[in-house]
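A.B. asks: Sharing a structure, written as structure tokens. Questions coming.
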Amino acid sequence: MATYQMLYGDDGNTIQETYKHIDDVEREDGWLVLFRGRDAILRVREEHVQRFEELGTEAPRTAEGV
């Protein structure tokens, strides 16, 4: 699992967010998609992504630590 930070937006309206517990990142057909397990938690057009970086990784969560 990884933690990512993303800055996205356009025309001066930007948002910076940190996403924790990300299992997978997919890029397809101009989309950037973040997954937790099998669930897509964020889908954003790559043209709006100004910065995307991995901040670190951590051990997977257990059922008890969810």
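Every chain in the structure tokens takes a letter, A first, then B, and so on in the order presented; its residues are numbered from 1, and the ligands are numbered from 1 following the presented order.
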Give me, as a list in words, all polymer residues having an atom no more than 9 Å from Glu58 in chain A, counting only C-alpha atoms and skipping those fewer than 6 positions away in the same chain.

C.D. replies: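 Once the adjacent positions are removed, what remains is Met1, Ala2, Thr3 and His21 of chain A.
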
A.B. asks: Convert the current residue selection to file output with C-alpha atoms, as an mmCIF file, in the first residue's frame.

C.D. replies:
data_model
loop_
_atom_site.group_PDB
_atom_site.id
_atom_site.type_symbol
_atom_site.label_atom_id
_atom_site.label_comp_id
_atom_site.auth_asym_id
_atom_site.auth_seq_id
_atom_site.Cartn_x
_atom_site.Cartn_y
_atom_site.Cartn_z
ATOM 1 C CA MET A 1 0.000 0.000 0.000
ATOM 2 C CA ALA A 2 1.232 3.439 -0.825
ATOM 3 C CA THR A 3 0.514 7.063 -0.061
ATOM 4 C CA HIS A 21 -3.768 3.065 1.542
#

A.B. asks: Asp10 in chain A: which residues within 9 Å, counting only C-alpha atoms, same-chain residues fewer than 4 positions away excluded, as a PyMOL selection string?

C.D. replies: chain A and resi 14+47-50

A.B. asks: CA of Gly37 in chain A and CA of Ile22 in chain A, how far apart in Å?

C.D. replies: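 Taking CA of Ile22 in chain A and CA of Gly37 in chain A, their separation equals 7.9 Å.
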
A.B. asks: Once DSSP has gone over the backbone, tell me which residues of chain A are in strand (DSSP E), as a PyMOL selection string.

C.D. replies: chain A and resi 2-10+13-22+24-28+31-36+39-45+49-57

A.B. asks: Give me the residues near Arg51 in chain A as a PyMOL selection string, where near means some atom within 12 Å (using only C-alpha atoms) and where sequence neighbours in that chain fewer than 4 positions away do not count.

C.D. replies: chain A and resi 4-9+14-18+32+46-47
